[in-house]
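Notes follow once the structure below has been shown.
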Amino acid sequence: AGVAVGALSGSLIMAFSSTYWDNAIEAEVYGAAMFLMMVLCYLTLLWSNKIGRPGSGKYLVAIVYLSFLSIGIHLTTFLVVPVIFIYMLANDKTLLGDYRFVLVWLIILMIAVDFNVFFWGILAAIVILTPAVFSKTRRSYRWILAFAIAVAALVGYSNHLFIPIRSAQKPIINENNPDNWNRFKAFLERKQYGQESMFSRMLTRRGSWKNQFGIYPHMGFFGFFREQYSEVGYFFIFFALGLWGIYEAIRRSTVNGIMFTMLLLVSTIGLLMYLNFSDGTRGAVLEVRNRDYFYTPGFMFFAVFIGAGLSSFLGDIGRWVTKKQIWKKALYVLAVAIALLLPAKTLQANYFMHDRSKVWIPWDYAHNILTSVDKNGVLFTNGDNDTFPLWFIQLVDNFRPDVKVVNLSLLNTPWYIHQLKNQMGVPITYSDEQIELLQPRWLTDQNKVWRVQDQMIKHIVTANAWKIPIFFALTVPSENLIGLEDNLIQEGMAYRLVSSTGKGRVDPVLSYRRYMTEFLYRGLNDPKIRKDENDNRLIANYTTGFLQLADTLKNAGEYDKAVAVINKSIEIFPNEWRNRAFLAGLYAITGQTDKITPLLEGVNNQDAEKSYINAAQEMLNRRDYRQGKKLLLEALRRNPKSIIAYKNLILSAQQYGDTAYYDSLTAAYRSAFKDNPAQLAELDRFSKAVMSRKRTN
């Protein structure tokens with residue numbers, strides 16, 4: 001019973017662990033990859049129990065076949081293969097002396113190093129082994145086994161032929177367009193990820209050992225590890241069980257225990273050294289997202305050891321309960337219950353972080369961007385996060401498939417430009433030969449690189465000649481707009497390209513209708529739905545859009561509409577301080593200052609301070625010193641050391657000739673910052689500037 005309970009608990013702990021769960025709820029490959037890795041390990045253990053018996057070779061063939069079949073899911077699965085090979089040689093000494101077996105396996109392992117060596121090597125092995133297999137004089141079990149392993153590797157790897165077959169059908173999303181041998185070979189060699197050898201990159205550390213092994217944003221291994229199975233406070237329980245499992249596994253079966261320990265080390269420390277993630281301190285930029293998913297195999301194998309530790313623990317207690325004392329049996333039942341409750345703890349710890357049952361944020365975001373684009377329009381998007389959701393609802397849900405989405409990151413590649421031109425009807429007049437010749441250029445007069453994507457934006461705009469509407473998603477940064485900022489008008493979540501010029505323009509009619517009635521915001525104001533970094537960036541874009549629209553309405557004198565827009569934004573994003581700061585300013589403008597304090601009740605002091613200052617500046621801009629002063633004092637009440645509030649009070653007191661108050665303010669400032677020489681020096685500089693301005697006026 002102890003073994004079964006430990007196995008069940010270990011498997012459930014793995015299922016509910018943070019990284020595995022996170023992968024399982026996305027259109028990812030790691031779930032299937034981890035399953036196949038465990039199947040390979042299981043087949044290896046079955047083989048070890050049948051060494052020297054008839055039929056043991058079929059396990060070796062099955063292991064090789066599944067190893068290469070699984071590469072079609074993800075190359076991560078191949079991590080276990082070198083360890084399995086070493087395990088085979090350690091378990092069956094006859095294999096170590098079989099040059100045919102060893103040579104074929106060495107060729108097999110080359111798939112992780114050099115595709116060409118593997119491909120031509122395995123073909124050569126099959127050609128060389130074939131005569132021996134069918135020869136009556138040389139035919140033997142060893143020749144047949146080596147031949148079967150080589151064929152199994154090639155047949156397993158042949159699932160990659162699906163790639164050019166599918167690519168030849170010209171699907172809308174056809175990344176790298178691997179429909180001929182050269183592009184297919186480049187795809188298999190992963191040329192799209194760059195030419196730098198991972199082995200050579202590994203030798204120059206891109207981050208400190210402390211940050212790579214420790215707790216560090218986006219890449220620190222221990223930071224990921226300690227949060228896998230529970231909250232940090234319970235980590236030691238799982239860690240201790242895992243260490244005990246390692247000890248027990250090696251004690252009970254040295255070879256098997258060492259194999260799984262090697263698998264754990266290879267998929268944690270080995271991967272850490274090989275992948276060499278950047279911490280942003282040594283030239284390369286900090287990893288742009290959490291890299292915990294690379295360590296999924298390591299977290300899985302540690303969960304195996306947690307299960308082994310639990311099994312050993314329960315087994316020891318079970319052997320101790322030999323007599324019929326009721327209290328001992330009760331203790332054993334309690335231990336089993338605790339073992340079964342550990343996965344429940346993992347489930348409880350990670351449920352909120354990984355529950356997406358009500359998450360519509362990406363779908364709604366894609367809907368809102370596409371809704372902002374005219375029929376048959378061209379829409380430039382920036383990268384993965386603002387493109388993939390659009391592709392999904394266009395191709396899967398058939399929503400606005402008329403919009404031609406152009407991803408700027410992919411626009412640097414010839415194969416993508418070909419697809420835009422020949423399949424999607426984007427206005428491109430370059431010939432196919434010209435597209436292949438496109439290269440980045442150095443602009444001497446501007447001292448910058450003129451990227452292929454920059455050249456293509458200009459070409460598409462020029463070739464289009466205003467025939468179809470062109471839009472840029474709100475997520476496209478200004479540096480990717482090639483100087484077209486003044487030719488853009490915001491219409492909801494996209495900018496329309498127009499021939500006229502002007503700065504920061506918003507179409508108030510279209511944007512008001514879209515933000516207030518057409519856009520979807522499901523779950524954005526629900527605290528029970530967890531928002532990650534990507535969600536928070538999307539929320540910031542929404543807030544910016546609301547504020548730009550409200551500011552346009554305010555400047556047009558449509559205060560009621562501006563208030564309605566901001567109230568809508570507050571309803572959706574109740575924790576976004578910029579909304580309340582803007583609304584406080586609107587209340588100040590419209591003489592509703594009595595609404596400002598109730599608006600900011602319950603808001604933290606830092607955000608309330610900024611909101612009061614914003615409202616005060618609106619009043620001071622309208623030369624209402626009394627109300628401006630009152631609001632600035634409220635800001636000081638929320639933050640008695642608000643430098644901005646002090647400076648605004650000092651400046652306004654000087655402007656309106658309130659000399660006595662000016663003197664008392666500077667004294668109060670000196671008192672508040674008497675232990676901060678830098679701020680006192682800043683006060684002196686600021687006071688001199690104020691007095692100089694007074695003399696000038």
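Following the order of the structure tokens, first chain is A, next is B, and so on, with residues numbered from 1 inside each chain and ligands from 1 in the order they appear.
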Practice task
For Thr281 of chain A, work out the shell of residues within 9 Å, counting only C-alpha atoms and skipping chain neighbours fewer than 2 positions away, then give it as number ranges by chain.
Solution key: A: 206-208, 278-279, 283-286
Output file for the residues above (N, CA and C atoms, as a short mmCIF file (atom, residue, chain, number, x, y, z; two decimals), in the first residue's frame):
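Resulting contents of part26.cif:
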data_model
loop_
_atom_site.label_atom_id
_atom_site.label_comp_id
_atom_site.auth_asym_id
_atom_site.auth_seq_id
_atom_site.Cartn_x
_atom_site.Cartn_y
_atom_site.Cartn_z
N ARG A 206 26.63 34.11 -19.42
CA ARG A 206 25.83 35.29 -19.71
C ARG A 206 25.15 35.83 -18.45
N GLY A 207 25.45 35.25 -17.34
CA GLY A 207 24.93 35.71 -16.05
C GLY A 207 25.80 35.14 -14.94
N SER A 208 25.72 35.73 -13.78
CA SER A 208 26.52 35.23 -12.66
C SER A 208 25.95 33.89 -12.18
N SER A 278 20.62 34.69 -19.54
CA SER A 278 21.22 36.00 -19.26
C SER A 278 20.49 36.69 -18.11
N ASP A 279 21.28 37.28 -17.20
CA ASP A 279 20.68 38.05 -16.10
C ASP A 279 20.71 39.54 -16.36
N GLY A 283 26.12 42.28 -20.67
CA GLY A 283 26.00 42.63 -22.09
C GLY A 283 24.70 42.19 -22.72
N ALA A 284 24.33 40.92 -22.56
CA ALA A 284 23.07 40.43 -23.11
C ALA A 284 21.91 40.89 -22.23
N VAL A 285 20.75 41.14 -22.87
CA VAL A 285 19.59 41.63 -22.12
C VAL A 285 19.03 40.53 -21.23
N LEU A 286 18.37 40.94 -20.16
CA LEU A 286 17.72 40.00 -19.26
C LEU A 286 16.67 39.20 -20.03
#
Exercise for the section: Enumerate, as a list in words, the complete set of residues in segment 416-646 of chain A that a backbone-based DSSP assignment places in strand (DSSP E or B). Expected result: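 Matching residues, listed in order: Arg441, Trp442, Leu443, Lys448, Val449, Trp450, Ile470, Phe471, Phe472, Ala473, Leu488, Ile489, Gln490, Glu491, Ala494, Tyr495, Arg496, Leu497, Arg505 and Val506 of chain A.
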Handout entry: Nearest candidate to Pro389 of chain A (options A:Ala150, A:Ala668, A:Ile369, A:Leu129; using only C-alpha atoms)
Key =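 Closest candidate: A:Ile369.
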Problem - Neighbour list for Trp466 of chain A as a list in words, cut-off 12 Å, only C-alpha atoms, skip fewer than 5 positions in-chain - result: Gly377, Val378, Pro427, Ile460, Val461, Phe471, Arg496, Leu497, Val498 and Ser499 of chain A
Practice task
Find the residues near segment 94-107 of chain A: any atom within 6 Å, counting only C-alpha atoms, skip ones fewer than 5 places away on the same chain, and give them as a list of chain:residue names.
Solution key: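 So, after excluding close chain neighbours, the residues are A:Leu89, A:Phe118, A:Ala146.
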Exercise for the section: Can you work out which one of A:Val690, A:Lys191, A:Glu28, A:Asp675 has the shortest atom-to-atom distance to Ala653 of chain A, counting only C-alpha atoms? Expected result: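 Looking only at the distances to Ala653 of chain A, the closest residue turns out to be A:Val690.
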Exercise for the section: Record the distance separating atom CA of Glu682 of chain A and atom CA of Lys629 of chain A, expressed in Å with one decimal. Expected result: 21.6 Å
Exercise for the section: Tell me which protein, DNA and RNA residues are within 9 Å of Ile269 of chain A, counting only C-alpha atoms, leaving out same-chain ones fewer than 4 positions away, and put them as a PyMOL selection string. Expected result: chain A and resi 213+221+264-265+273-274+298
Produce a file of the selected residues containing C-alpha atoms, as an mmCIF file, in the first residue's frame.
data_model
loop_
_atom_site.group_PDB
_atom_site.id
_atom_site.type_symbol
_atom_site.label_atom_id
_atom_site.label_comp_id
_atom_site.auth_asym_id
_atom_site.auth_seq_id
_atom_site.Cartn_x
_atom_site.Cartn_y
_atom_site.Cartn_z
ATOM 1 C CA PHE A 213 21.341 29.171 -9.636
ATOM 2 C CA PHE A 221 16.589 28.290 -10.985
ATOM 3 C CA LEU A 264 17.527 14.872 -12.451
ATOM 4 C CA LEU A 265 20.977 16.474 -12.595
ATOM 5 C CA MET A 273 24.860 25.381 -17.632
ATOM 6 C CA TYR A 274 23.943 24.550 -21.234
ATOM 7 C CA GLY A 298 13.863 18.322 -13.714
#
Practice task
Point out the residue among A:Thr254, A:Asn290, A:Thr130, A:Thr517 with the least atom-to-atom distance to Lys568 of chain A, counting only C-alpha atoms.
Solution key: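 Among the listed residues, A:Thr517 lies closest to Lys568 of chain A.
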